[in-house]
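Peer 1: Here it is, the structure in full.
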Amino acid sequence: MITLRLKAMEDIPQAAEIIQQGGLVAFPTETVYGLGADALNCEAVLKIFEAKARPPTNPLIVHGASVEQLEPLVQSPGPLFYRILEQFAPGPVTLIVKKSDLVPSETTAGLDTVAVRIPAHRVALDLIQSAGRPIAAPSANRSGFASPTTAQHVLDELDGLIDAVLDGGPCPVGIESTVVDISDGEFAILREGAITGEMLAEATGRSVTARQGSPRSPGTSGRHYSTQTPLALARGWPEDLAAKVEAMKDRTVVVIWPTDWPKTSAAHHVEWAEWKNDAGLAERLYAALREADALHGDVIIVPLPDGRGLRSAIRDRLQRAQAIR
């Protein structure tokens with residue numbers, strides 16, 4: 001298979017036709033690049049799992065261009081569903097709700113719930129509208145590894161395995177959406193992201209809990225967001241990072257480096273962002289991990305952000321990336 005590199009916005013009609021015919025198209029969202037297929041076409045959805053080598057027990061997120069397009073996929077949308085989408089959509093938030101009979105079990109990994117969201121990216125919205133159907137789209141990479149935030153990242157892993165990638169430039173948020181489960185009367189965050197629990201609580205007037213490792217949400221398995229090179233985490237201080245590097249001085253160390261910190265004695269430094277720039281750290285996270293991996297050192301060392309909000313989401317991704325070694 002030859003994977004086409006299509007231009008946004010001029011090639012959206014061609015990409016939409018591929019989706020309509022049951023093919024796979026990677027496309028940019030505000031979070032990461034997604035690998036899209038017609039969410040209501042069982043055979044097309046199965047191609048996603050095959051291309052990614054994704055476990056069939058890991059459900060997909062269904063992307064719509066509007067609330068009206070998502071409503072038929074949901075068994076009984078309630079006030080909380082509408083309130084969250086009114087406040088945060090289009091945007092980086094995914095809702096877990098009871099699915100309607102319209103959604104095939106292949107899309108939901110056999111669950112009675114479905115994950116839905118409206119992306120805040122013009123290319124993604126225009127593609128969904130042009131295709132005229134909701135699009136199921138996990139991250140456009142091989143399962144378990146760092147998510148792609150550019151079209152080239154997609155091609156590095158999926159070239160020859162998918163029909164096309166729509167090149168819309170780098171993704172501005174850089175980490176996956178917040179996943180919120182409202183399917184069973186509770187209000188629980190299953191995966192952290194740019195929309196924080198505090199923001200959700202303020203918008204809805206309800207308390208939000210956190211629930212880890214739920215099979216209802218993608219991106220919560222033990223091994224996720226990983227690099228090929230072993231990953232080590234340092235505490236979030238320049239002195240701790242320097243000490244960690246010094247302790248591994250007999251190895252080829254690659255540091256993902258906050259650009260306002262002093263450089264260490266490591267063999268390589270990959271620029272990240274300024275340490276207090278939460279949005280910059282998120283946007284560059286996966287690109288920096290990929291650049292560090294490409295240097296083929298013995299170990300990658302990353303300082304671990306402390307704090308809440310987006311920093312907590314970054315910390316979650318790094319801890320999962322290190323989870324199985």
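All residue names refer to the structure tokens as shown: chains lettered A, B, ... in order, residues numbered from 1 in each chain, ligands numbered from 1 in order.
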Could you give me, as a PDB file with C-alpha atoms, in the first residue's frame, each residue of region 77-117 of chain A that DSSP assigns to helix (DSSP H, G or I) when run on this structure's backbone?

Peer 2:
```
ATOM      1  CA  PRO A  79     -28.010  17.323  31.175  1.00  0.00           C
ATOM      2  CA  LEU A  80     -24.384  16.601  32.115  1.00  0.00           C
ATOM      3  CA  PHE A  81     -23.601  15.522  28.546  1.00  0.00           C
ATOM      4  CA  TYR A  82     -24.938  18.762  27.119  1.00  0.00           C
ATOM      5  CA  ARG A  83     -23.442  20.946  29.850  1.00  0.00           C
ATOM      6  CA  ILE A  84     -19.887  19.665  29.367  1.00  0.00           C
ATOM      7  CA  LEU A  85     -20.052  19.905  25.583  1.00  0.00           C
ATOM      8  CA  GLU A  86     -21.555  23.387  25.802  1.00  0.00           C
ATOM      9  CA  GLN A  87     -18.645  24.527  27.962  1.00  0.00           C
ATOM     10  CA  PHE A  88     -15.689  22.656  26.450  1.00  0.00           C
ATOM     11  CA  SER A 105     -19.278  -3.314  19.128  1.00  0.00           C
ATOM     12  CA  GLU A 106     -16.007  -3.235  17.162  1.00  0.00           C
ATOM     13  CA  THR A 107     -15.766   0.509  17.842  1.00  0.00           C
ATOM     14  CA  THR A 108     -16.373   0.128  21.570  1.00  0.00           C
TER      15      THR A 108
END
```

Peer 1: Using only C-alpha atoms, which residues of region 105-204 of chain A come within 12 Å of region 311-321 of chain A, and what is the closest atom pair for each, with the distance in Å to one decimal? Give it as a Markdown table, sorted by chain and residue number.

Peer 2:
```
| residue | atom | partner | partner_atom | distance |
| --- | --- | --- | --- | --- |
| A:Gly144 | CA | A:Ala321 | CA | 8.5 |
| A:Phe145 | CA | A:Ala321 | CA | 7.8 |
| A:Ala146 | CA | A:Ala321 | CA | 7.9 |
| A:Ser147 | CA | A:Arg317 | CA | 10.3 |
| A:Val173 | CA | A:Ile314 | CA | 11.4 |
| A:Gly174 | CA | A:Ile314 | CA | 10.0 |
| A:Ile175 | CA | A:Ile314 | CA | 7.8 |
| A:Glu176 | CA | A:Ala313 | CA | 9.1 |
| A:Ser177 | CA | A:Ala313 | CA | 9.7 |
| A:Thr178 | CA | A:Ala313 | CA | 8.7 |
| A:Val179 | CA | A:Ala313 | CA | 11.4 |
| A:Ile189 | CA | A:Ala313 | CA | 11.4 |
| A:Leu190 | CA | A:Ala313 | CA | 11.3 |
| A:Arg191 | CA | A:Ala313 | CA | 8.0 |
| A:Glu192 | CA | A:Ala313 | CA | 5.0 |
| A:Gly193 | CA | A:Ala313 | CA | 5.2 |
| A:Ala194 | CA | A:Ala313 | CA | 7.4 |
| A:Ile195 | CA | A:Ala313 | CA | 9.6 |
| A:Thr196 | CA | A:Ala313 | CA | 8.8 |
| A:Gly197 | CA | A:Ser312 | CA | 10.8 |
```

Peer 1: Using only N, CA and C atoms, please write the residues we just selected to a file, as a compact mmCIF listing (two decimals), in the first residue's frame.

Peer 2:
```txt
# COMPACT_ATOMS: atom_id res chain seq x y z
N GLY A 144 1.00 1.60 21.96
CA GLY A 144 1.90 1.56 23.10
C GLY A 144 3.00 2.59 23.10
N PHE A 145 3.22 3.25 21.95
CA PHE A 145 4.34 4.18 21.85
C PHE A 145 3.88 5.64 21.85
N ALA A 146 4.83 6.55 21.83
CA ALA A 146 4.53 7.98 21.93
C ALA A 146 3.62 8.42 20.79
N SER A 147 2.62 9.20 21.12
CA SER A 147 1.65 9.65 20.14
C SER A 147 2.27 10.62 19.13
N VAL A 173 -2.00 21.39 21.15
CA VAL A 173 -2.08 20.99 22.56
C VAL A 173 -1.00 19.96 22.87
N GLY A 174 -0.91 18.91 22.05
CA GLY A 174 0.22 18.00 22.13
C GLY A 174 0.05 16.78 23.00
N ILE A 175 -0.97 16.72 23.86
CA ILE A 175 -1.27 15.49 24.59
C ILE A 175 -2.76 15.19 24.44
N GLU A 176 -3.12 13.95 24.70
CA GLU A 176 -4.46 13.47 24.41
C GLU A 176 -5.51 14.17 25.29
N SER A 177 -6.77 14.02 24.85
CA SER A 177 -7.88 14.67 25.53
C SER A 177 -8.12 14.11 26.93
N THR A 178 -8.71 14.93 27.77
CA THR A 178 -9.23 14.46 29.05
C THR A 178 -10.41 13.53 28.78
N VAL A 179 -10.44 12.38 29.46
CA VAL A 179 -11.56 11.44 29.30
C VAL A 179 -12.38 11.45 30.59
N ILE A 189 -12.92 11.23 36.11
CA ILE A 189 -11.88 11.40 35.11
C ILE A 189 -11.10 10.09 34.99
N LEU A 190 -11.07 9.54 33.78
CA LEU A 190 -10.34 8.30 33.53
C LEU A 190 -8.95 8.56 32.94
N ARG A 191 -8.79 9.70 32.26
CA ARG A 191 -7.49 10.09 31.71
C ARG A 191 -7.37 11.60 31.80
N GLU A 192 -6.26 12.06 32.35
CA GLU A 192 -6.05 13.50 32.51
C GLU A 192 -5.65 14.14 31.18
N GLY A 193 -5.95 15.42 31.06
CA GLY A 193 -5.60 16.17 29.86
C GLY A 193 -5.67 17.66 30.13
N ALA A 194 -5.82 18.44 29.07
CA ALA A 194 -5.79 19.90 29.20
C ALA A 194 -7.01 20.45 29.92
N ILE A 195 -8.14 19.74 29.86
CA ILE A 195 -9.34 20.13 30.62
C ILE A 195 -9.24 19.45 31.98
N THR A 196 -9.06 20.24 33.02
CA THR A 196 -8.77 19.69 34.35
C THR A 196 -10.04 19.39 35.14
N GLY A 197 -9.88 18.62 36.19
CA GLY A 197 -10.99 18.34 37.08
C GLY A 197 -11.57 19.59 37.69
```

Peer 1: Near region 241-247 of chain A, within 9 Å and counting only C-alpha atoms, which residues show up once chain neighbours fewer than 5 positions away are dropped, as a PyMOL selection string?

Peer 2: chain A and resi 232-236+253-255+262-266+301-303

Peer 1: For the selection you just gave me, I'd like the residues written to a file as a PDB file, in the first residue's frame, keeping N, CA and C atoms.

Peer 2:
```pdb
ATOM      1  N   ALA A 232      14.136   7.071  32.089  1.00  0.00           N
ATOM      2  CA  ALA A 232      14.306   7.292  33.526  1.00  0.00           C
ATOM      3  C   ALA A 232      13.758   8.668  33.858  1.00  0.00           C
ATOM      4  N   LEU A 233      13.154   8.793  35.028  1.00  0.00           N
ATOM      5  CA  LEU A 233      12.555  10.057  35.446  1.00  0.00           C
ATOM      6  C   LEU A 233      13.340  10.656  36.600  1.00  0.00           C
ATOM      7  N   ALA A 234      13.577  11.961  36.516  1.00  0.00           N
ATOM      8  CA  ALA A 234      14.234  12.702  37.592  1.00  0.00           C
ATOM      9  C   ALA A 234      13.212  13.609  38.258  1.00  0.00           C
ATOM     10  N   ARG A 235      13.482  13.971  39.490  1.00  0.00           N
ATOM     11  CA  ARG A 235      12.618  14.945  40.157  1.00  0.00           C
ATOM     12  C   ARG A 235      12.763  16.311  39.483  1.00  0.00           C
ATOM     13  N   GLY A 236      11.754  17.138  39.644  1.00  0.00           N
ATOM     14  CA  GLY A 236      11.670  18.371  38.872  1.00  0.00           C
ATOM     15  C   GLY A 236      12.520  19.524  39.351  1.00  0.00           C
ATOM     16  N   VAL A 253      23.769   9.061  27.785  1.00  0.00           N
ATOM     17  CA  VAL A 253      22.527   9.620  28.316  1.00  0.00           C
ATOM     18  C   VAL A 253      21.992  10.701  27.382  1.00  0.00           C
ATOM     19  N   VAL A 254      20.694  10.643  27.143  1.00  0.00           N
ATOM     20  CA  VAL A 254      19.988  11.700  26.416  1.00  0.00           C
ATOM     21  C   VAL A 254      19.040  12.374  27.395  1.00  0.00           C
ATOM     22  N   VAL A 255      19.179  13.677  27.539  1.00  0.00           N
ATOM     23  CA  VAL A 255      18.321  14.434  28.456  1.00  0.00           C
ATOM     24  C   VAL A 255      17.278  15.215  27.659  1.00  0.00           C
ATOM     25  N   PRO A 262      20.182  24.911  33.372  1.00  0.00           N
ATOM     26  CA  PRO A 262      21.564  24.667  32.911  1.00  0.00           C
ATOM     27  C   PRO A 262      21.655  23.300  32.246  1.00  0.00           C
ATOM     28  N   LYS A 263      22.530  23.185  31.249  1.00  0.00           N
ATOM     29  CA  LYS A 263      22.766  21.873  30.648  1.00  0.00           C
ATOM     30  C   LYS A 263      23.546  20.990  31.617  1.00  0.00           C
ATOM     31  N   THR A 264      23.408  19.685  31.426  1.00  0.00           N
ATOM     32  CA  THR A 264      24.078  18.710  32.289  1.00  0.00           C
ATOM     33  C   THR A 264      25.307  18.150  31.562  1.00  0.00           C
ATOM     34  N   SER A 265      25.905  17.127  32.155  1.00  0.00           N
ATOM     35  CA  SER A 265      27.053  16.462  31.532  1.00  0.00           C
ATOM     36  C   SER A 265      26.643  15.354  30.571  1.00  0.00           C
ATOM     37  N   ALA A 266      25.351  15.262  30.259  1.00  0.00           N
ATOM     38  CA  ALA A 266      24.859  14.212  29.364  1.00  0.00           C
ATOM     39  C   ALA A 266      25.445  14.374  27.963  1.00  0.00           C
ATOM     40  N   ILE A 301      16.610  10.538  30.030  1.00  0.00           N
ATOM     41  CA  ILE A 301      16.219  11.058  31.341  1.00  0.00           C
ATOM     42  C   ILE A 301      15.340  12.287  31.137  1.00  0.00           C
ATOM     43  N   VAL A 302      14.208  12.301  31.832  1.00  0.00           N
ATOM     44  CA  VAL A 302      13.260  13.403  31.748  1.00  0.00           C
ATOM     45  C   VAL A 302      12.924  13.875  33.158  1.00  0.00           C
ATOM     46  N   PRO A 303      12.995  15.198  33.432  1.00  0.00           N
ATOM     47  CA  PRO A 303      12.514  15.681  34.729  1.00  0.00           C
ATOM     48  C   PRO A 303      10.990  15.617  34.790  1.00  0.00           C
TER      49      PRO A 303
END
```

Peer 1: Pick out the closest residue to Tyr33 (chain A) from this set: A:Gly169, A:Pro56, A:Gly78, A:Pro258. Count only C-alpha atoms.

Peer 2: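 Checking each candidate against Tyr33 (chain A), we get A:Gly169 as the closest.
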
Peer 1: Quick one: residues within 12 Å of Pro13 (chain A), only C-alpha atoms, excluding same-chain residues fewer than 2 positions away - as a list in words?

Peer 2: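 After dropping sequence-adjacent residues, the list is Leu6, Lys7, Ala8, Met9, Glu10, Asp11, Ala15, Ala16, Glu17, Ile18, Ile19, Gln20, Val25, Val123, Asp126, Leu127, Ile128, Gln129, Ser130, Ala131, Gly132 and Leu166 of chain A.
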
Peer 1: From the set A:Ala124, A:Ala26, A:Ala294, A:Ala137, which residue has the shortest atom-to-atom contact distance to Ser66 (chain A), counting only C-alpha atoms?

Peer 2: A:Ala124

Peer 1: By how many Å are CA of Asp38 (chain A) and CA of Gln152 (chain A) apart?

Peer 2: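 Separation of CA of Asp38 (chain A) and CA of Gln152 (chain A): 23.1 Å.
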
Peer 1: If you run DSSP over the backbone, which residues in region 27-237 of chain A end up strand (DSSP E or B)? Put them as an MDAnalysis selection string.

Peer 2: chainID A and resid 27 34:38 61:63 74 93:99 113:117 135:136 139 145 164:167 178:181 188:191 209:210 226 231:235

Peer 1: Write the residues of the selection above to a file with N, CA and C atoms, as a short mmCIF file (atom, residue, chain, number, x, y, z; two decimals), in the first residue's frame.

Peer 2:
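Output saved as result-v2.cif:
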```
data_model
loop_
_atom_site.label_atom_id
_atom_site.label_comp_id
_atom_site.auth_asym_id
_atom_site.auth_seq_id
_atom_site.Cartn_x
_atom_site.Cartn_y
_atom_site.Cartn_z
N PHE A 27 -5.21 12.20 10.54
CA PHE A 27 -5.54 13.61 10.42
C PHE A 27 -5.20 14.33 11.73
N GLY A 34 -4.90 11.70 14.76
CA GLY A 34 -5.74 10.52 14.92
C GLY A 34 -5.72 9.67 13.67
N LEU A 35 -5.95 8.36 13.84
CA LEU A 35 -6.06 7.44 12.72
C LEU A 35 -7.54 7.15 12.50
N GLY A 36 -8.11 7.77 11.46
CA GLY A 36 -9.55 7.79 11.30
C GLY A 36 -10.12 6.76 10.35
N ALA A 37 -11.31 6.27 10.73
CA ALA A 37 -12.13 5.40 9.87
C ALA A 37 -13.58 5.68 10.20
N ASP A 38 -14.46 5.32 9.30
CA ASP A 38 -15.89 5.44 9.53
C ASP A 38 -16.27 4.66 10.79
N ILE A 61 -12.13 6.28 20.35
CA ILE A 61 -12.87 7.52 20.53
C ILE A 61 -13.53 7.89 19.21
N VAL A 62 -14.81 8.22 19.27
CA VAL A 62 -15.55 8.62 18.08
C VAL A 62 -15.62 10.15 18.03
N HIS A 63 -15.18 10.70 16.90
CA HIS A 63 -15.14 12.14 16.72
C HIS A 63 -16.32 12.61 15.87
N VAL A 74 -25.58 8.10 21.20
CA VAL A 74 -25.72 8.04 22.65
C VAL A 74 -27.11 7.53 23.00
N VAL A 93 -11.78 17.31 25.25
CA VAL A 93 -12.48 16.54 26.28
C VAL A 93 -13.29 15.44 25.59
N THR A 94 -13.21 14.24 26.15
CA THR A 94 -13.93 13.07 25.64
C THR A 94 -14.88 12.59 26.72
N LEU A 95 -16.12 12.28 26.32
CA LEU A 95 -17.12 11.80 27.26
C LEU A 95 -17.40 10.32 27.03
N ILE A 96 -17.44 9.55 28.12
CA ILE A 96 -17.85 8.14 28.07
C ILE A 96 -19.33 8.10 28.44
N VAL A 97 -20.15 7.59 27.51
CA VAL A 97 -21.60 7.54 27.70
C VAL A 97 -22.11 6.17 27.25
N LYS A 98 -23.34 5.85 27.64
CA LYS A 98 -23.95 4.62 27.15
C LYS A 98 -24.19 4.74 25.64
N LYS A 99 -23.81 3.71 24.90
CA LYS A 99 -23.91 3.77 23.45
C LYS A 99 -25.31 3.38 22.97
N THR A 113 -20.59 1.11 26.38
CA THR A 113 -20.34 2.55 26.40
C THR A 113 -19.56 2.95 25.15
N VAL A 114 -19.61 4.24 24.82
CA VAL A 114 -18.85 4.77 23.71
C VAL A 114 -18.19 6.08 24.14
N ALA A 115 -16.99 6.31 23.65
CA ALA A 115 -16.25 7.55 23.93
C ALA A 115 -16.47 8.49 22.76
N VAL A 116 -16.91 9.71 23.05
CA VAL A 116 -17.21 10.68 21.99
C VAL A 116 -16.58 12.03 22.31
N ARG A 117 -16.20 12.75 21.25
CA ARG A 117 -15.72 14.11 21.43
C ARG A 117 -15.85 14.91 20.14
N ILE A 135 -16.25 9.80 12.86
CA ILE A 135 -14.98 9.13 12.58
C ILE A 135 -14.37 8.60 13.87
N ALA A 136 -14.12 7.31 13.91
CA ALA A 136 -13.40 6.69 15.03
C ALA A 136 -11.92 6.93 14.82
N SER A 139 -4.95 7.49 18.46
CA SER A 139 -3.73 8.14 17.98
C SER A 139 -3.14 7.36 16.81
N PHE A 145 3.22 3.25 21.95
CA PHE A 145 4.34 4.18 21.85
C PHE A 145 3.88 5.64 21.85
N ALA A 164 -3.79 7.21 3.81
CA ALA A 164 -3.36 8.60 3.65
C ALA A 164 -3.17 9.27 4.99
N VAL A 165 -2.40 10.36 4.98
CA VAL A 165 -2.30 11.26 6.13
C VAL A 165 -2.53 12.68 5.63
N LEU A 166 -3.38 13.40 6.32
CA LEU A 166 -3.64 14.80 6.03
C LEU A 166 -2.65 15.63 6.84
N ASP A 167 -1.78 16.35 6.17
CA ASP A 167 -0.75 17.13 6.85
C ASP A 167 -1.29 18.51 7.21
N THR A 178 -8.71 14.93 27.77
CA THR A 178 -9.23 14.46 29.05
C THR A 178 -10.41 13.53 28.78
N VAL A 179 -10.44 12.38 29.46
CA VAL A 179 -11.56 11.44 29.30
C VAL A 179 -12.38 11.45 30.59
N VAL A 180 -13.69 11.71 30.44
CA VAL A 180 -14.60 11.81 31.58
C VAL A 180 -15.72 10.79 31.43
N ASP A 181 -15.90 9.96 32.42
CA ASP A 181 -16.95 8.94 32.40
C ASP A 181 -18.20 9.49 33.09
N ALA A 188 -16.40 10.89 36.67
CA ALA A 188 -15.04 10.47 36.98
C ALA A 188 -14.11 10.73 35.80
N ILE A 189 -12.92 11.23 36.11
CA ILE A 189 -11.88 11.40 35.11
C ILE A 189 -11.10 10.09 34.99
N LEU A 190 -11.07 9.54 33.78
CA LEU A 190 -10.34 8.30 33.53
C LEU A 190 -8.95 8.56 32.94
N ARG A 191 -8.79 9.70 32.26
CA ARG A 191 -7.49 10.09 31.71
C ARG A 191 -7.37 11.60 31.80
N THR A 209 -14.34 12.83 40.53
CA THR A 209 -13.40 11.86 41.09
C THR A 209 -12.43 11.42 39.99
N ALA A 210 -11.39 10.73 40.40
CA ALA A 210 -10.43 10.16 39.44
C ALA A 210 -10.47 8.66 39.56
N SER A 226 5.26 5.07 25.10
CA SER A 226 6.63 4.65 25.39
C SER A 226 7.62 5.01 24.28
N LEU A 231 13.52 4.66 29.60
CA LEU A 231 13.23 6.01 30.10
C LEU A 231 13.41 6.06 31.61
N ALA A 232 14.14 7.07 32.09
CA ALA A 232 14.31 7.29 33.53
C ALA A 232 13.76 8.67 33.86
N LEU A 233 13.15 8.79 35.03
CA LEU A 233 12.56 10.06 35.45
C LEU A 233 13.34 10.66 36.60
N ALA A 234 13.58 11.96 36.52
CA ALA A 234 14.23 12.70 37.59
C ALA A 234 13.21 13.61 38.26
N ARG A 235 13.48 13.97 39.49
CA ARG A 235 12.62 14.95 40.16
C ARG A 235 12.76 16.31 39.48
#
```

Peer 1: Restricting the calculation to only C-alpha atoms, which member of A:Leu155, A:Pro104, A:Cys42, A:Pro92 is positioned closest to Leu310 (chain A)?

Peer 2: A:Pro92
